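Q: Structure file input16.csv, CSV, C-alpha atoms, is pasted below:
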chain,number,residue,atom,x,y,z
J,17,MET,CA,36.5,208.8,-119.2
J,18,PRO,CA,39.4,208.6,-121.6
J,19,ILE,CA,39.9,205.8,-124.1
J,20,THR,CA,42.6,203.5,-122.8
J,21,ALA,CA,42.6,200.6,-125.2
J,22,VAL,CA,42.2,200.0,-128.9
J,23,VAL,CA,40.8,196.7,-130.3
J,24,TRP,CA,41.6,196.1,-134.0
J,25,ASP,CA,40.1,194.3,-136.9
J,26,VAL,CA,42.8,192.5,-139.0
J,27,ASP,CA,41.9,192.0,-142.7
J,28,ASP,CA,41.8,195.2,-144.7
J,29,THR,CA,42.5,197.2,-141.5
J,30,LEU,CA,46.0,196.1,-140.4
J,31,PHE,CA,46.7,193.6,-143.1
J,32,ASP,CA,46.2,194.4,-146.8
J,33,TYR,CA,44.0,191.4,-147.4
J,34,THR,CA,42.5,192.5,-150.7
J,35,THR,CA,45.8,193.1,-152.4
J,36,ALA,CA,47.3,189.8,-151.1
J,37,ASP,CA,44.2,187.8,-152.1
J,38,ARG,CA,44.3,189.2,-155.6
J,39,ALA,CA,48.0,188.7,-156.1
J,40,GLY,CA,47.9,185.2,-154.6
J,41,MET,CA,45.1,184.0,-156.7
J,42,ARG,CA,46.6,185.4,-159.9
J,43,GLY,CA,49.9,183.7,-159.2
J,44,HIS,CA,48.3,180.5,-158.2
J,45,LEU,CA,46.0,180.3,-161.3
J,46,ALA,CA,48.9,181.1,-163.6
J,47,ALA,CA,51.0,178.3,-162.0
J,48,GLU,CA,48.2,175.8,-162.2
J,49,GLY,CA,47.4,176.7,-165.8
J,50,LEU,CA,43.9,177.8,-164.9
J,51,LEU,CA,43.9,181.5,-166.0
J,52,ASP,CA,42.3,180.7,-169.4
J,53,ALA,CA,39.3,179.1,-167.6
J,54,TYR,CA,38.1,182.6,-166.5
J,55,GLU,CA,37.5,185.8,-168.4
J,56,THR,CA,39.5,187.8,-165.8
J,57,VAL,CA,41.3,187.1,-162.5
J,58,GLU,CA,38.6,189.2,-160.8
J,59,GLN,CA,36.0,186.7,-162.0
J,60,ALA,CA,38.0,183.8,-160.5
J,61,LEU,CA,38.6,185.8,-157.3
J,62,THR,CA,34.9,186.7,-156.9
J,63,LEU,CA,34.0,183.0,-157.2
J,64,TRP,CA,36.7,182.0,-154.8
J,65,ARG,CA,35.5,184.5,-152.2
J,66,GLU,CA,31.8,183.5,-152.6
J,67,ILE,CA,32.8,179.8,-152.0
J,68,THR,CA,35.0,180.8,-149.1
J,69,ASP,CA,32.2,182.7,-147.4
J,70,ARG,CA,29.8,179.7,-147.8
J,71,GLN,CA,32.3,177.2,-146.5
J,72,TRP,CA,33.4,179.4,-143.7
J,73,ALA,CA,29.8,179.8,-142.5
J,74,ARG,CA,29.6,176.0,-142.4
J,75,TYR,CA,32.8,175.9,-140.2
J,76,ALA,CA,31.5,178.6,-137.9
J,77,ALA,CA,28.3,176.7,-137.5
J,78,GLY,CA,30.2,173.6,-136.5
J,79,GLU,CA,29.2,171.6,-139.6
J,80,THR,CA,32.7,170.9,-140.7
J,81,SER,CA,36.3,171.1,-139.5
J,82,PHE,CA,38.8,173.9,-140.3
J,83,GLU,CA,40.6,171.5,-142.6
J,84,GLY,CA,37.3,170.3,-144.1
J,85,GLN,CA,36.2,173.8,-145.1
J,86,ARG,CA,39.5,174.3,-146.9
J,87,ARG,CA,39.1,171.1,-148.8
J,88,ASP,CA,35.6,171.8,-149.8
J,89,ARG,CA,36.5,175.3,-151.0
J,90,VAL,CA,38.9,173.6,-153.4
J,91,ARG,CA,36.5,170.9,-154.5
J,92,VAL,CA,33.7,173.4,-155.2
J,93,PHE,CA,36.0,175.9,-157.0
J,94,LEU,CA,37.5,173.2,-159.3
J,95,GLU,CA,34.2,171.3,-159.6
J,96,GLU,CA,36.2,168.1,-159.0
J,97,GLU,CA,35.9,165.2,-156.7
J,98,LEU,CA,39.3,165.3,-155.0
J,99,THR,CA,40.8,163.2,-152.2
J,100,ASP,CA,41.7,165.0,-149.0
J,101,ASP,CA,45.3,164.8,-149.9
J,102,GLU,CA,44.7,166.2,-153.4
J,103,ALA,CA,42.6,169.1,-152.0
J,104,ASP,CA,45.2,169.8,-149.2
J,105,SER,CA,48.0,169.9,-151.8
J,106,TRP,CA,46.1,172.3,-154.1
J,107,PHE,CA,45.2,174.6,-151.2
J,108,GLY,CA,48.8,174.5,-149.9
J,109,ARG,CA,50.1,175.7,-153.3
J,110,TYR,CA,47.5,178.5,-153.3
J,111,LEU,CA,48.5,179.4,-149.8
J,112,ALA,CA,52.1,179.8,-150.7
J,113,HIS,CA,51.3,182.3,-153.4
J,114,TYR,CA,48.9,184.2,-151.0
J,115,GLU,CA,51.3,184.3,-148.1
J,116,SER,CA,54.1,185.6,-150.4
J,117,ALA,CA,52.0,188.7,-150.9
J,118,TRP,CA,51.2,189.4,-147.2
J,119,ALA,CA,51.9,192.9,-146.0
J,120,LEU,CA,50.7,195.4,-143.4
J,121,PHE,CA,49.3,198.7,-144.6
J,122,PRO,CA,52.1,201.4,-144.4
J,123,ASP,CA,50.3,203.4,-141.8
J,124,VAL,CA,50.0,200.5,-139.3
J,125,LEU,CA,53.5,200.4,-137.6
J,126,PRO,CA,53.7,204.2,-137.2
J,127,VAL,CA,50.3,204.3,-135.4
J,128,LEU,CA,51.1,201.3,-133.2
J,129,ASP,CA,54.4,202.9,-132.3
J,130,ALA,CA,52.7,206.2,-131.6
J,131,LEU,CA,50.1,204.6,-129.3
J,132,ALA,CA,52.3,202.0,-127.7
J,133,ALA,CA,52.9,203.9,-124.5
J,134,SER,CA,49.4,205.4,-124.1
J,135,HIS,CA,47.0,202.6,-125.1
J,136,ARG,CA,46.6,198.9,-124.6
J,137,HIS,CA,45.8,196.8,-127.8
J,138,ALA,CA,43.9,193.7,-128.7
J,139,VAL,CA,42.4,192.1,-131.8
J,140,LEU,CA,38.9,191.0,-132.6
J,141,SER,CA,38.4,189.3,-136.0
J,142,ASN,CA,35.5,187.4,-137.6
J,143,SER,CA,38.0,184.8,-138.7
J,144,SER,CA,39.7,182.0,-136.6
J,145,LEU,CA,42.8,181.8,-134.4
J,146,HIS,CA,44.0,179.1,-136.9
J,147,VAL,CA,44.2,181.9,-139.5
J,148,GLN,CA,44.9,185.2,-137.6
J,149,ASP,CA,47.4,184.3,-134.9
J,150,PRO,CA,50.0,182.8,-137.4
J,151,LYS,CA,49.3,185.7,-139.8
J,152,LEU,CA,50.0,188.3,-137.1
J,153,ARG,CA,53.2,186.5,-136.2
J,154,ALA,CA,54.3,186.3,-139.8
J,155,LEU,CA,53.7,190.0,-140.1
J,156,GLY,CA,55.7,190.7,-137.0
J,157,VAL,CA,53.0,192.4,-134.9
J,158,ARG,CA,51.5,189.6,-132.7
J,159,ASP,CA,53.4,190.8,-129.7
J,160,ARG,CA,51.8,194.3,-130.0
J,161,PHE,CA,48.4,192.8,-128.8
J,162,GLU,CA,47.5,191.5,-125.4
J,163,THR,CA,45.0,189.1,-126.8
J,164,VAL,CA,43.6,187.9,-130.1
J,165,LEU,CA,39.9,187.0,-130.2
J,166,CYS,CA,38.2,185.4,-133.2
J,167,ALA,CA,34.6,184.6,-134.0
J,168,ALA,CA,35.2,180.9,-134.7
J,169,GLU,CA,36.3,180.4,-131.1
J,170,LEU,CA,34.0,182.9,-129.5
J,171,GLY,CA,30.9,181.3,-131.0
J,172,PHE,CA,29.5,184.6,-132.2
J,173,SER,CA,30.7,187.2,-134.7
J,174,LYS,CA,30.6,191.0,-135.4
J,175,PRO,CA,28.3,192.9,-135.5
J,176,ASP,CA,26.9,191.0,-132.6
J,177,ALA,CA,27.5,193.1,-129.5
J,178,ARG,CA,28.7,190.1,-127.6
J,179,ALA,CA,31.8,189.9,-129.8
J,180,PHE,CA,32.8,193.5,-129.0
J,181,ARG,CA,32.0,193.0,-125.3
J,182,ALA,CA,34.0,189.9,-125.2
J,183,ALA,CA,37.0,192.0,-126.3
J,184,CYS,CA,36.3,194.5,-123.6
J,185,ASP,CA,35.9,191.8,-121.0
J,186,ALA,CA,39.3,190.3,-122.0
J,187,LEU,CA,40.8,193.7,-121.3
J,188,GLU,CA,38.8,194.1,-118.1
J,189,LEU,CA,37.5,197.5,-119.4
J,190,ALA,CA,34.1,199.0,-119.8
J,191,PRO,CA,33.1,199.5,-123.5
J,192,HIS,CA,33.2,203.3,-123.2
J,193,ARG,CA,36.9,203.0,-122.4
J,194,VAL,CA,37.7,201.1,-125.6
J,195,ALA,CA,37.9,202.1,-129.2
J,196,TYR,CA,37.4,199.6,-132.1
J,197,VAL,CA,39.1,200.2,-135.5
J,198,GLY,CA,37.7,198.3,-138.5
J,199,ASP,CA,37.2,198.7,-142.3
J,200,HIS,CA,33.5,197.7,-142.6
J,201,PRO,CA,31.0,200.5,-141.9
J,202,GLU,CA,28.3,198.1,-140.7
J,203,ILE,CA,30.0,195.0,-139.3
J,204,ASP,CA,32.8,197.0,-137.6
J,205,GLY,CA,31.5,200.6,-137.5
J,206,ARG,CA,27.9,200.3,-136.5
J,207,GLY,CA,28.5,197.1,-134.6
J,208,ALA,CA,31.1,198.6,-132.3
J,209,ALA,CA,29.2,201.8,-131.8
J,210,GLU,CA,26.0,200.0,-130.8
J,211,ALA,CA,28.0,197.9,-128.4
J,212,GLY,CA,29.0,201.1,-126.6
J,213,LEU,CA,32.6,201.4,-127.9
J,214,LEU,CA,34.2,204.4,-129.6
J,215,SER,CA,33.9,203.1,-133.2
J,216,VAL,CA,36.5,204.2,-135.7
J,217,TRP,CA,35.8,203.3,-139.3
J,218,ILE,CA,38.9,203.3,-141.5
J,219,ASP,CA,37.8,204.1,-145.0
J,220,ARG,CA,41.0,204.3,-147.0
J,221,SER,CA,39.3,204.5,-150.4
J,222,GLY,CA,37.1,207.5,-149.5
J,223,VAL,CA,34.6,206.4,-152.0
J,224,SER,CA,32.1,204.5,-149.8
J,225,THR,CA,28.8,206.5,-149.4
J,226,VAL,CA,27.0,203.8,-147.4
J,227,THR,CA,23.8,204.8,-149.2
J,228,ASP,CA,22.0,201.5,-148.6
J,229,THR,CA,22.2,201.7,-144.8
J,230,PRO,CA,20.4,203.7,-142.1
J,231,MET,CA,23.8,205.2,-141.3
J,232,ALA,CA,23.5,207.4,-144.3
J,233,SER,CA,20.5,209.2,-142.9
J,234,ARG,CA,22.7,210.8,-140.2
J,235,PRO,CA,25.8,212.7,-141.5
J,236,GLU,CA,27.6,212.1,-138.2
J,237,GLY,CA,26.8,208.4,-138.2
J,238,PRO,CA,25.6,206.7,-135.0
J,239,THR,CA,26.7,207.8,-131.6
J,240,GLY,CA,30.4,206.9,-131.0
J,241,LEU,CA,31.4,206.5,-134.7
J,242,ARG,CA,34.3,208.3,-136.3
J,243,ARG,CA,35.3,208.0,-140.0
J,244,ILE,CA,39.0,208.3,-140.9
J,245,ALA,CA,40.9,207.9,-144.2
J,246,SER,CA,44.3,206.9,-142.6
J,247,LEU,CA,45.4,205.5,-139.3
J,248,ALA,CA,47.6,208.6,-139.0
J,249,GLU,CA,44.4,210.3,-137.9
J,250,LEU,CA,43.7,207.8,-135.1
J,251,PRO,CA,45.7,209.4,-132.3
J,252,ALA,CA,43.8,212.7,-132.6
J,253,VAL,CA,40.5,210.9,-132.5
J,254,LEU,CA,41.6,209.0,-129.4
J,255,GLY,CA,42.8,212.2,-127.9
J,256,GLY,CA,39.3,213.4,-127.4
J,257,ASP,CA,38.4,215.3,-130.6
J,258,THR,CA,34.7,214.6,-131.0
J,259,ARG,CA,34.2,216.1,-134.5
J,260,PHE,CA,33.2,213.5,-137.1
J,261,GLY,CA,36.4,211.8,-138.2
J,262,ALA,CA,38.5,214.8,-137.1
J,263,PRO,CA,41.0,215.8,-138.3
J,264,SER,CA,40.0,214.0,-141.4
J,265,THR,CA,40.5,214.4,-145.1
J,266,PHE,CA,36.8,214.0,-145.6
J,267,GLY,CA,36.1,217.5,-144.3
Mind turning this structure into structure tokens?
A:
Amino acid sequence: MPITAVVWDVDDTLFDYTTADRAGMRGHLAAEGLLDAYETVEQALTLWREITDRQWARYAAGETSFEGQRRDRVRVFLEEELTDDEADSWFGRYLAHYESAWALFPDVLPVLDALAASHRHAVLSNSSLHVQDPKLRALGVRDRFETVLCAAELGFSKPDARAFRAACDALELAPHRVAYVGDHPEIDGRGAAEAGLLSVWIDRSGVSTVTDTPMASRPEGPTGLRRIASLAELPAVLGGDTRFGAPSTFG
């Protein structure tokens, strides 16, 4: 049976999160007079991401509110006891810098245009609708997707098969009729493949060897996995070419 729908990851798949995050933090730290507190912007960004992951896990577990995890990220990062208003203000200033750097990858709109008439589209993200729905609207692509599903509202996250199957259920399609496109070889790639979807791993850097996972033991990857370097390759993969990542620059 042919693939009739594509479900998409957002961050670092459609949206260039890494670049925006780095640019946003650099601009914010400079504006706040905090650059000298760190050896490099990367050091500050690494700390911010670690704190974000921990606080987001608390939110996903129902231990704090969406606003609460944002405030606690600021308090832990600054190592200061801030009021809610002070934390909200600091985060708001950071957000302004971050959002000013938002951009889609250049291969996104061409592939969405190319597949618009042939495939249905949806989003499955490990984030929250509070974050992803406004982001997709700001980037001008929300109307390209029938539905947007996020882990915070679903109650489970990728690579849990239930997350991928929830997306298929929302589209009223069996998993083997759906492709999933994401940037993480395990969370997205293996997770989608093991849930029964055609899994397409977008590896733009081309430097990941995945040497620390079982995937590396099989050159083709698990059943249903394709590896591509650009979304320009996706229409050929969906068209039924079953070679690994074909036609791909990986060879």
Q: Expressed in Å to a single decimal, how great is the separation between atom CA of J:His200 and atom CA of J:Trp217?
A: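 Atom CA of J:Trp217 lies 6.9 Å from atom CA of J:His200.
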Q: How many Å lie between atom CA of J:Arg87 and atom CA of J:Gln148, rounded to one decimal?
A: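 Between these atoms lies a distance of 18.9 Å.
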Q: Of the candidates J:Pro150, J:Asp88, J:Val22, J:Pro122, which shows the shortest atom-to-atom distance to J:Val253, using only C-alpha atoms?
A: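 Closest to J:Val253 of all the choices is J:Val22.
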Q: May I have the residues within 6 Å of J:Ala245 as a PDB file with C-alpha atoms, in the coordinates of the input, using all atoms listed in the file and disregarding those fewer than 6 positions away in the same chain?
A:
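This is the output file result_33.pdb:
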ATOM      1  CA  ILE J 218      38.900 203.300-141.500  1.00  0.00           C
ATOM      2  CA  ASP J 219      37.800 204.100-145.000  1.00  0.00           C
ATOM      3  CA  ARG J 220      41.000 204.300-147.000  1.00  0.00           C
TER       4      ARG J 220
END
Q: Determine the nearest neighbour of J:Pro201 from the options J:Val139, J:Tyr75, J:Val23, J:Thr29, counting all atoms listed in the file.
A: J:Thr29
Q: Can you pull out the residues contacting J:Arg181? Cut-off 10 Å, using all atoms listed in the file, and skip same-chain residues under 6 positions away; I want them as number ranges by chain.
A: J: 187-191, 194, 208, 211-213
Q: Just want the 12 Å neighbourhood of J:Leu128, counted on all atoms listed in the file, with same-chain residues fewer than 6 positions away dropped. Output as an mmCIF file with C-alpha atoms, in the coordinates of the input.
A:
data_model
loop_
_atom_site.group_PDB
_atom_site.id
_atom_site.type_symbol
_atom_site.label_atom_id
_atom_site.label_comp_id
_atom_site.auth_asym_id
_atom_site.auth_seq_id
_atom_site.Cartn_x
_atom_site.Cartn_y
_atom_site.Cartn_z
ATOM 1 C CA ALA J 21 42.600 200.600 -125.200
ATOM 2 C CA VAL J 22 42.200 200.000 -128.900
ATOM 3 C CA VAL J 23 40.800 196.700 -130.300
ATOM 4 C CA TRP J 24 41.600 196.100 -134.000
ATOM 5 C CA LEU J 30 46.000 196.100 -140.400
ATOM 6 C CA LEU J 120 50.700 195.400 -143.400
ATOM 7 C CA PHE J 121 49.300 198.700 -144.600
ATOM 8 C CA PRO J 122 52.100 201.400 -144.400
ATOM 9 C CA SER J 134 49.400 205.400 -124.100
ATOM 10 C CA HIS J 135 47.000 202.600 -125.100
ATOM 11 C CA ARG J 136 46.600 198.900 -124.600
ATOM 12 C CA HIS J 137 45.800 196.800 -127.800
ATOM 13 C CA ALA J 138 43.900 193.700 -128.700
ATOM 14 C CA VAL J 157 53.000 192.400 -134.900
ATOM 15 C CA ARG J 158 51.500 189.600 -132.700
ATOM 16 C CA ASP J 159 53.400 190.800 -129.700
ATOM 17 C CA ARG J 160 51.800 194.300 -130.000
ATOM 18 C CA PHE J 161 48.400 192.800 -128.800
ATOM 19 C CA LEU J 247 45.400 205.500 -139.300
ATOM 20 C CA ALA J 248 47.600 208.600 -139.000
ATOM 21 C CA LEU J 250 43.700 207.800 -135.100
ATOM 22 C CA PRO J 251 45.700 209.400 -132.300
#
Q: One number please: atom CA of J:Val26 to atom CA of J:Gly205, in Å, one decimal.
A: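 Atom CA of J:Val26 sits 14.0 Å away from atom CA of J:Gly205.
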Q: For J:His113, which of J:Ile19, J:Leu45, J:Val197, J:Ile203 is the closest residue, counting only C-alpha atoms?
A: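 The shortest atom-to-atom distance to J:His113 comes from J:Leu45.
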Q: Please provide the set of residues having any atom within 12 Å of J:Phe172, restricted to all atoms listed in the file, with same-chain residues fewer than 2 positions apart removed, written as a list of chain:residue names.
A: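 Here the qualifying residues turn out to be J:Ala73, J:Ala76, J:Ala77, J:Gly78, J:Leu140, J:Ser141, J:Asn142, J:Ser143, J:Ser144, J:Leu165, J:Cys166, J:Ala167, J:Ala168, J:Glu169, J:Leu170, J:Lys174, J:Pro175, J:Asp176, J:Ala177, J:Arg178, J:Ala179, J:Phe180, J:Arg181, J:Ala182.
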Q: Return the single residue from J:Glu162, J:Asp129, J:Arg206, J:Arg38 that is closest to J:Thr56, with distances computed using all atoms listed in the file.
A: J:Arg38
Q: Could you give me, as a list in words, the residues within 12 Å of J:Thr34, counting only C-alpha atoms and dropping anything in the same chain fewer than 2 positions from it?
A: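 That gives Val26, Asp27, Asp28, Thr29, Leu30, Phe31, Asp32, Ala36, Asp37, Arg38, Ala39, Gly40, Met41, Glu58, Leu61, Thr62, Arg65, Tyr114, Ala117, Trp118, Ala119, Leu120, Phe121 and Asp199 of chain J.
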